[in-house]
Amino acid sequence: MENMIKSILVGVAIVFSLQANAQLKNEHTEGWLANATSTINQQLIKASQTYLPGQNPRSVTCGTVRLANYKDWTTGFFPGTLWYGYELTGNKALAADAKRFTLGLDSMRYITDTHDLGFMIYCSYGNAYRITKDKSYLPVLSDGIKNLAARFNPKIGVIRSWDFGEWKYPVIIDNMMNLEYLFWGSSEFDKSAYAQIGTTHALTTMKNHFRPDFSSYHVVDYDPSTGKVFRKATHQGLTDSSAWSRGQAWGLYGYAMCYENTKDLRFLTQAEHIAKFLMNHPKTPADKIPVWDYDVHNALQADERAPRDASAAAVIACGLLKLSTKVKNGQQYFKYAEDILKSLSSDKYLAKPGENNYFILKHSVGAFLYNSEIDTPLDYADYYYLEALNQYKKLKKT
């Protein structure tokens, strides 16, 4: 009898110990996440009071905020961040601000000379419709997706990215991100051709953009008459053969998203290969926030050639969280993404309320080789950081 009582007491003690450890773990998780959420709420309130619809905050250079008009490829990110901020915080004032800044971009529906319509329209109007189901957002989304699909060349099997420069038919890895707009629109507007375009573009990109180690080129230039590859190069990375960090992130997110929408196992396999390249890269810093290009010399040193890119980290976190729910060994992806989010939510990267011109994250890189937006806040870093936090919160059920 005495032994039985001891066994019961030991069992009870173990249960209480496990419960206490779980509670401490939850409190730790809720601590950094709650702090980030509070900061985000305060920053977005001040930002929406400071900036005007149609002139959205893009970055900061020498203390001056660079604004984005409706033609700028980044202009949809600030309204999208407000929508994500509303989801994350529940603050209805942010939803009202998000609507105001979204409607200020109505003229995007007429743009035809860029592939960035997914970034511009889907991140703003797409999130607006997803959250509110207000059909008044659909006309802009309908016009924009037609313009995006019209840039597809069936002979080559890809969507043209740029209409500038000496390129023949340039396609950049960033374009993978715009396919989500097509997959969504295929269902929403009952246009199967949109999904077919998205799938074909992803397969062609998988064939031509990636190296044997599953790092990617930034730009592939095609012969528009034959579909043959003219050149594989970079416009943002260190060299034509280097692994530009945000480009690798676009690829990871893009193929995880393609699998999510098509259930094509080729895309899942590709996403896992890219994840392996990123997670095992020897030059990744301890806090998992990459420098702007993985092939920068002395990448582990915080020197002037190797500033960190929080925007790349935020996109990687999003991609890994997507991937974590699609495979049996998904916990490894979730944990890596969680580590990124904890780093981004630390004092090193997360702005203090009222600082950073009301941007949320610090330390991103736009285009290093052009001396443009180096070690600065970026609107798309904030956007994907909030997207990742919302995903994380849903998966953790916090």
# chains A, B, ... in the order shown; residues from 1 in each chain; ligands from 1

$ residues_around --residues "range 93-104 of chain A" --least-positions-apart "2" --cutoff "10 Å" --atoms "only C-alpha atoms" --output "short mmCIF file (atom, residue, chain, number, x, y, z; two decimals) with N, CA and C atoms, in the first residue's frame"
data_model
loop_
_atom_site.label_atom_id
_atom_site.label_comp_id
_atom_site.auth_asym_id
_atom_site.auth_seq_id
_atom_site.Cartn_x
_atom_site.Cartn_y
_atom_site.Cartn_z
N ASN A 41 1.49 46.81 -33.45
CA ASN A 41 0.27 47.59 -33.33
C ASN A 41 0.59 49.08 -33.21
N LEU A 44 2.18 50.51 -36.57
CA LEU A 44 1.24 50.64 -37.69
C LEU A 44 0.22 51.75 -37.45
N ILE A 45 -0.18 51.94 -36.21
CA ILE A 45 -1.08 53.06 -35.91
C ILE A 45 -0.42 54.38 -36.26
N ALA A 47 2.19 54.85 -38.26
CA ALA A 47 2.49 54.93 -39.70
C ALA A 47 1.26 55.35 -40.49
N SER A 48 0.10 54.78 -40.15
CA SER A 48 -1.12 55.12 -40.89
C SER A 48 -1.56 56.55 -40.64
N GLN A 49 -1.13 57.13 -39.50
CA GLN A 49 -1.43 58.53 -39.22
C GLN A 49 -0.44 59.48 -39.88
N TYR A 51 1.58 58.68 -42.92
CA TYR A 51 1.68 58.59 -44.38
C TYR A 51 0.30 58.72 -45.03
N LEU A 52 0.31 58.96 -46.34
CA LEU A 52 -0.94 59.20 -47.07
C LEU A 52 -1.19 58.11 -48.10
N PRO A 53 -2.44 57.71 -48.30
CA PRO A 53 -2.76 56.71 -49.32
C PRO A 53 -2.23 57.15 -50.69
N GLY A 54 -1.64 56.20 -51.39
CA GLY A 54 -1.07 56.50 -52.70
C GLY A 54 0.38 56.93 -52.64
N GLN A 55 0.88 57.19 -51.43
CA GLN A 55 2.28 57.51 -51.21
C GLN A 55 2.75 56.70 -50.00
N ASN A 56 2.98 55.42 -50.23
CA ASN A 56 3.22 54.49 -49.14
C ASN A 56 4.69 54.41 -48.76
N ASN A 69 4.68 55.32 -55.01
CA ASN A 69 3.38 55.63 -55.61
C ASN A 69 2.76 54.35 -56.18
N TYR A 70 1.65 54.48 -56.86
CA TYR A 70 0.91 53.29 -57.28
C TYR A 70 1.65 52.46 -58.33
N THR A 75 4.51 48.94 -53.72
CA THR A 75 3.45 49.79 -53.14
C THR A 75 2.34 49.01 -52.46
N GLY A 76 2.14 47.75 -52.83
CA GLY A 76 1.07 46.97 -52.20
C GLY A 76 1.41 46.43 -50.83
N PHE A 77 2.68 46.53 -50.44
CA PHE A 77 3.09 45.90 -49.19
C PHE A 77 2.58 46.63 -47.95
N PHE A 78 2.56 47.96 -47.97
CA PHE A 78 2.11 48.66 -46.77
C PHE A 78 0.63 48.40 -46.48
N PRO A 79 -0.28 48.51 -47.46
CA PRO A 79 -1.66 48.13 -47.17
C PRO A 79 -1.77 46.67 -46.71
N GLY A 80 -0.99 45.78 -47.36
CA GLY A 80 -1.02 44.38 -46.95
C GLY A 80 -0.54 44.19 -45.53
N THR A 81 0.47 44.95 -45.13
CA THR A 81 0.96 44.88 -43.75
C THR A 81 -0.11 45.33 -42.77
N LEU A 82 -0.86 46.35 -43.14
CA LEU A 82 -1.96 46.80 -42.28
C LEU A 82 -3.03 45.71 -42.13
N TRP A 83 -3.32 45.02 -43.25
CA TRP A 83 -4.29 43.91 -43.16
C TRP A 83 -3.76 42.80 -42.25
N TYR A 84 -2.50 42.45 -42.42
CA TYR A 84 -1.90 41.44 -41.54
C TYR A 84 -1.85 41.92 -40.09
N GLY A 85 -1.58 43.21 -39.92
CA GLY A 85 -1.56 43.77 -38.58
C GLY A 85 -2.92 43.65 -37.90
N TYR A 86 -3.97 43.87 -38.67
CA TYR A 86 -5.33 43.70 -38.14
C TYR A 86 -5.57 42.25 -37.73
N GLU A 87 -5.14 41.31 -38.58
CA GLU A 87 -5.30 39.89 -38.24
C GLU A 87 -4.53 39.53 -36.98
N THR A 89 -3.41 41.54 -34.47
CA THR A 89 -3.74 42.26 -33.23
C THR A 89 -5.23 42.30 -32.92
N GLY A 90 -6.06 42.17 -33.95
CA GLY A 90 -7.50 42.32 -33.74
C GLY A 90 -7.93 43.78 -33.64
N ASN A 91 -7.03 44.70 -33.89
CA ASN A 91 -7.34 46.13 -33.81
C ASN A 91 -8.13 46.56 -35.04
N ASP A 106 -6.11 52.12 -56.52
CA ASP A 106 -7.04 51.63 -57.54
C ASP A 106 -6.44 51.62 -58.94
N SER A 107 -5.60 52.60 -59.25
CA SER A 107 -5.07 52.73 -60.62
C SER A 107 -4.09 51.62 -60.99
N MET A 108 -3.69 50.80 -60.06
CA MET A 108 -2.82 49.67 -60.39
C MET A 108 -3.48 48.72 -61.39
N ILE A 121 -0.89 44.08 -56.32
CA ILE A 121 -2.35 43.98 -56.21
C ILE A 121 -2.79 42.86 -55.27
N CYS A 123 -1.13 41.44 -52.80
CA CYS A 123 -0.76 41.68 -51.40
C CYS A 123 -1.66 42.73 -50.75
N SER A 124 -2.24 43.61 -51.54
CA SER A 124 -3.11 44.65 -51.00
C SER A 124 -4.58 44.26 -51.19
N TYR A 125 -5.06 44.29 -52.42
CA TYR A 125 -6.46 43.96 -52.69
C TYR A 125 -6.77 42.49 -52.39
N GLY A 126 -5.80 41.62 -52.64
CA GLY A 126 -6.04 40.20 -52.37
C GLY A 126 -6.27 39.93 -50.89
N ASN A 127 -5.44 40.52 -50.04
CA ASN A 127 -5.65 40.35 -48.60
C ASN A 127 -6.94 41.03 -48.14
N ALA A 128 -7.23 42.17 -48.75
CA ALA A 128 -8.47 42.87 -48.40
C ALA A 128 -9.69 41.99 -48.66
N ILE A 131 -9.86 38.76 -46.31
CA ILE A 131 -10.26 39.03 -44.93
C ILE A 131 -11.70 39.51 -44.83
N THR A 132 -12.13 40.36 -45.76
CA THR A 132 -13.44 40.99 -45.64
C THR A 132 -14.52 40.34 -46.48
N TYR A 137 -13.73 44.78 -53.95
CA TYR A 137 -12.30 44.66 -54.26
C TYR A 137 -12.04 43.83 -55.52
N VAL A 140 -10.69 45.30 -59.35
CA VAL A 140 -9.25 45.58 -59.47
C VAL A 140 -8.48 44.27 -59.57
#

$ closest_atom_pairs --of "range 244-274 of chain A" --to "range 373-395 of chain A" --cutoff "12 Å" --atoms "only C-alpha atoms" --output "CSV"
residue,atom,partner,partner_atom,distance
A:Arg246,CA,A:Ala381,CA,10.4
A:Ala249,CA,A:Tyr384,CA,11.1
A:Trp250,CA,A:Tyr384,CA,11.2
A:Tyr253,CA,A:Tyr384,CA,10.6

$ residues_around --residues "range 203-216 of chain A" --least-positions-apart "6" --cutoff "7 Å" --atoms "only C-alpha atoms" --output "MDAnalysis selection string"
chainID A and resid 157:158 243 248 273:274 277

$ residues_around --residues "range 321-332 of chain A" --least-positions-apart "5" --cutoff "9 Å" --atoms "only C-alpha atoms" --output "short mmCIF file (atom, residue, chain, number, x, y, z; two decimals) with N, CA and C atoms, in the first residue's frame"
data_model
loop_
_atom_site.label_atom_id
_atom_site.label_comp_id
_atom_site.auth_asym_id
_atom_site.auth_seq_id
_atom_site.Cartn_x
_atom_site.Cartn_y
_atom_site.Cartn_z
N LEU A 252 12.17 29.40 -52.40
CA LEU A 252 11.62 28.53 -51.36
C LEU A 252 10.13 28.77 -51.16
N TYR A 253 9.79 30.02 -50.93
CA TYR A 253 8.37 30.37 -50.72
C TYR A 253 7.56 29.98 -51.95
N ALA A 256 7.00 26.12 -52.28
CA ALA A 256 6.11 25.65 -51.21
C ALA A 256 4.67 26.09 -51.51
N MET A 257 4.51 27.32 -51.98
CA MET A 257 3.19 27.84 -52.33
C MET A 257 2.61 27.10 -53.54
N TYR A 259 3.16 24.02 -54.44
CA TYR A 259 2.68 22.71 -54.00
C TYR A 259 1.36 22.86 -53.24
N GLU A 260 1.27 23.88 -52.42
CA GLU A 260 0.06 24.15 -51.64
C GLU A 260 -1.15 24.28 -52.57
N LEU A 268 6.87 20.20 -54.25
CA LEU A 268 7.22 19.91 -52.86
C LEU A 268 8.69 19.49 -52.75
N ALA A 271 10.93 22.50 -53.18
CA ALA A 271 10.93 23.34 -51.99
C ALA A 271 11.82 22.73 -50.90
N GLU A 272 11.76 21.42 -50.74
CA GLU A 272 12.60 20.78 -49.72
C GLU A 272 14.08 20.88 -50.07
N ALA A 275 15.13 24.38 -49.24
CA ALA A 275 15.20 24.51 -47.78
C ALA A 275 16.49 23.90 -47.24
N ILE A 316 12.01 33.60 -45.92
CA ILE A 316 12.41 32.21 -45.63
C ILE A 316 11.52 31.63 -44.53
N ALA A 337 12.12 28.15 -38.71
CA ALA A 337 11.33 29.37 -38.90
C ALA A 337 11.10 30.07 -37.57
N GLU A 338 10.83 29.30 -36.52
CA GLU A 338 10.62 29.88 -35.20
C GLU A 338 11.88 30.60 -34.73
N ALA A 388 4.50 35.80 -41.63
CA ALA A 388 5.07 34.67 -40.90
C ALA A 388 4.53 34.60 -39.48
N GLN A 391 1.09 33.13 -39.57
CA GLN A 391 1.16 31.68 -39.79
C GLN A 391 1.59 30.97 -38.51
N TYR A 392 2.63 31.50 -37.89
CA TYR A 392 3.17 30.91 -36.67
C TYR A 392 2.10 30.85 -35.57
N LEU A 395 -0.37 28.09 -36.26
CA LEU A 395 0.19 26.75 -36.06
C LEU A 395 0.41 26.44 -34.58
#

$ residues_around --residues "Arg109 in chain A" --least-positions-apart "6" --cutoff "10 Å" --atoms "only C-alpha atoms" --output "mmCIF file with N, CA and C atoms, in the first residue's frame"
data_model
loop_
_atom_site.group_PDB
_atom_site.id
_atom_site.type_symbol
_atom_site.label_atom_id
_atom_site.label_comp_id
_atom_site.auth_asym_id
_atom_site.auth_seq_id
_atom_site.Cartn_x
_atom_site.Cartn_y
_atom_site.Cartn_z
ATOM 1 N N TYR A 70 1.649 54.481 -56.860
ATOM 2 C CA TYR A 70 0.912 53.288 -57.277
ATOM 3 C C TYR A 70 1.646 52.463 -58.334
ATOM 4 N N LEU A 117 2.644 42.539 -60.514
ATOM 5 C CA LEU A 117 1.245 42.787 -60.167
ATOM 6 C C LEU A 117 0.782 41.916 -59.003
ATOM 7 N N MET A 120 1.944 43.873 -56.059
ATOM 8 C CA MET A 120 1.255 45.156 -55.982
ATOM 9 C C MET A 120 -0.233 45.006 -55.646
ATOM 10 N N ILE A 121 -0.889 44.084 -56.323
ATOM 11 C CA ILE A 121 -2.345 43.979 -56.210
ATOM 12 C C ILE A 121 -2.787 42.858 -55.272
ATOM 13 N N PRO A 139 -13.135 43.871 -58.810
ATOM 14 C CA PRO A 139 -12.827 44.423 -60.137
ATOM 15 C C PRO A 139 -11.342 44.730 -60.346
ATOM 16 N N VAL A 140 -10.692 45.299 -59.346
ATOM 17 C CA VAL A 140 -9.251 45.576 -59.468
ATOM 18 C C VAL A 140 -8.483 44.265 -59.569
ATOM 19 N N LEU A 141 -8.848 43.297 -58.758
ATOM 20 C CA LEU A 141 -8.180 42.000 -58.804
ATOM 21 C C LEU A 141 -8.387 41.317 -60.153
ATOM 22 N N SER A 142 -9.570 41.464 -60.725
ATOM 23 C CA SER A 142 -9.868 40.860 -62.025
ATOM 24 C C SER A 142 -9.060 41.507 -63.147
ATOM 25 N N ASP A 143 -8.995 42.821 -63.138
ATOM 26 C CA ASP A 143 -8.220 43.519 -64.179
ATOM 27 C C ASP A 143 -6.727 43.206 -64.047
ATOM 28 N N GLY A 144 -6.233 43.219 -62.829
ATOM 29 C CA GLY A 144 -4.810 42.984 -62.609
ATOM 30 C C GLY A 144 -4.361 41.609 -63.040
ATOM 31 N N ILE A 145 -5.172 40.591 -62.756
ATOM 32 C CA ILE A 145 -4.762 39.232 -63.090
ATOM 33 C C ILE A 145 -4.789 39.011 -64.601
ATOM 34 N N LYS A 146 -5.692 39.675 -65.299
ATOM 35 C CA LYS A 146 -5.695 39.600 -66.764
ATOM 36 C C LYS A 146 -4.403 40.176 -67.326
ATOM 37 N N ASN A 147 -3.961 41.282 -66.759
ATOM 38 C CA ASN A 147 -2.730 41.914 -67.230
ATOM 39 C C ASN A 147 -1.504 41.052 -66.918
#

$ atom_distance --atom1 "CA of Tyr358 in chain A" --atom2 "CA of Lys133 in chain A"
28.8 Å

$ select_by_dssp --residues "range 84-182 of chain A" --states "alpha helix (DSSP H)" --output "number ranges by chain"
A: 84-89, 92-103, 117, 127-132, 138-149, 179-182

$ residues_around --residues "Trp184 in chain A" --least-positions-apart "2" --cutoff "10 Å" --atoms "only C-alpha atoms" --output "list in words"
Tyr122, Gly126, Ile145, Leu179, Glu180, Tyr181, Leu182, Ser186, Ser187, Glu188, Phe189, Asp190, Lys191, Tyr194, Ala195 and Asn261 of chain A

$ write_last_selection --atoms "N, CA and C atoms" --output "mmCIF file, in the first residue's frame"
data_model
loop_
_atom_site.group_PDB
_atom_site.id
_atom_site.type_symbol
_atom_site.label_atom_id
_atom_site.label_comp_id
_atom_site.auth_asym_id
_atom_site.auth_seq_id
_atom_site.Cartn_x
_atom_site.Cartn_y
_atom_site.Cartn_z
ATOM 1 N N TYR A 122 -2.150 41.704 -55.386
ATOM 2 C CA TYR A 122 -2.606 40.587 -54.561
ATOM 3 C C TYR A 122 -2.278 40.805 -53.088
ATOM 4 N N GLY A 126 -5.805 41.619 -52.640
ATOM 5 C CA GLY A 126 -6.036 40.201 -52.366
ATOM 6 C C GLY A 126 -6.267 39.929 -50.890
ATOM 7 N N ILE A 145 -5.172 40.591 -62.756
ATOM 8 C CA ILE A 145 -4.762 39.232 -63.090
ATOM 9 C C ILE A 145 -4.789 39.011 -64.601
ATOM 10 N N LEU A 179 2.863 33.986 -58.776
ATOM 11 C CA LEU A 179 2.026 32.871 -59.221
ATOM 12 C C LEU A 179 0.851 32.615 -58.281
ATOM 13 N N GLU A 180 1.011 32.992 -57.021
ATOM 14 C CA GLU A 180 -0.088 32.784 -56.070
ATOM 15 C C GLU A 180 -1.338 33.535 -56.513
ATOM 16 N N TYR A 181 -1.132 34.702 -57.073
ATOM 17 C CA TYR A 181 -2.243 35.507 -57.610
ATOM 18 C C TYR A 181 -2.980 34.707 -58.688
ATOM 19 N N LEU A 182 -2.222 34.023 -59.555
ATOM 20 C CA LEU A 182 -2.827 33.243 -60.636
ATOM 21 C C LEU A 182 -3.574 32.029 -60.106
ATOM 22 N N SER A 186 -7.579 31.618 -60.548
ATOM 23 C CA SER A 186 -8.119 30.504 -61.325
ATOM 24 C C SER A 186 -9.396 29.973 -60.697
ATOM 25 N N SER A 187 -9.384 29.875 -59.379
ATOM 26 C CA SER A 187 -10.566 29.408 -58.656
ATOM 27 C C SER A 187 -11.615 30.508 -58.527
ATOM 28 N N GLU A 188 -11.167 31.703 -58.130
ATOM 29 C CA GLU A 188 -12.102 32.798 -57.858
ATOM 30 C C GLU A 188 -12.863 33.227 -59.104
ATOM 31 N N PHE A 189 -12.173 33.270 -60.254
ATOM 32 C CA PHE A 189 -12.788 33.752 -61.492
ATOM 33 C C PHE A 189 -13.109 32.622 -62.466
ATOM 34 N N ASP A 190 -12.951 31.370 -62.002
ATOM 35 C CA ASP A 190 -13.246 30.190 -62.820
ATOM 36 C C ASP A 190 -12.502 30.247 -64.160
ATOM 37 N N LYS A 191 -11.197 30.487 -64.067
ATOM 38 C CA LYS A 191 -10.347 30.569 -65.256
ATOM 39 C C LYS A 191 -9.205 29.561 -65.082
ATOM 40 N N TYR A 194 -5.428 30.383 -65.856
ATOM 41 C CA TYR A 194 -4.533 31.068 -64.923
ATOM 42 C C TYR A 194 -3.674 30.052 -64.158
ATOM 43 N N ALA A 195 -4.292 28.991 -63.680
ATOM 44 C CA ALA A 195 -3.540 27.972 -62.952
ATOM 45 C C ALA A 195 -2.562 27.255 -63.877
ATOM 46 N N ASN A 261 -0.926 24.863 -53.738
ATOM 47 C CA ASN A 261 -2.036 25.132 -54.653
ATOM 48 C C ASN A 261 -2.290 24.034 -55.680
#

$ atom_distance --atom1 "CA of Asp293 in chain A" --atom2 "CA of Ser245 in chain A"
4.8 Å

$ select_by_dssp --residues "range 119-252 of chain A" --states "strand (DSSP E or B)" --output "mmCIF file with C-alpha atoms, in the first residue's frame"
data_model
loop_
_atom_site.group_PDB
_atom_site.id
_atom_site.type_symbol
_atom_site.label_atom_id
_atom_site.label_comp_id
_atom_site.auth_asym_id
_atom_site.auth_seq_id
_atom_site.Cartn_x
_atom_site.Cartn_y
_atom_site.Cartn_z
ATOM 1 C CA PHE A 152 2.853 34.789 -70.442
ATOM 2 C CA ASN A 153 4.594 33.450 -73.546
ATOM 3 C CA VAL A 158 7.150 31.712 -68.642
ATOM 4 C CA ILE A 159 5.813 35.137 -67.697
ATOM 5 C CA PRO A 170 14.028 38.296 -68.831
ATOM 6 C CA VAL A 171 12.542 36.133 -66.103
ATOM 7 C CA ILE A 172 13.608 36.638 -62.494
ATOM 8 C CA PHE A 210 18.476 26.228 -60.473
ATOM 9 C CA SER A 216 19.158 29.779 -58.034
ATOM 10 C CA VAL A 219 17.779 36.318 -64.001
ATOM 11 C CA VAL A 220 17.356 33.952 -66.934
ATOM 12 C CA ASP A 221 17.151 35.669 -70.318
ATOM 13 C CA TYR A 222 15.335 33.747 -73.050
ATOM 14 C CA VAL A 229 18.238 30.393 -72.820
ATOM 15 C CA PHE A 230 20.489 33.294 -73.837
ATOM 16 C CA ARG A 231 22.082 33.952 -70.474
ATOM 17 C CA LYS A 232 21.880 33.192 -66.767
ATOM 18 C CA ALA A 233 22.849 36.227 -64.695
ATOM 19 C CA TRP A 244 21.535 36.220 -53.658
#

$ closest_residue --among "A:Phe359, A:Phe119, A:Trp32, A:Tyr129" --to "Leu341 in chain A" --atoms "only C-alpha atoms"
A:Trp32

$ atom_distance --atom1 "CA of Pro154 in chain A" --atom2 "CA of Gly237 in chain A"
28.4 Å
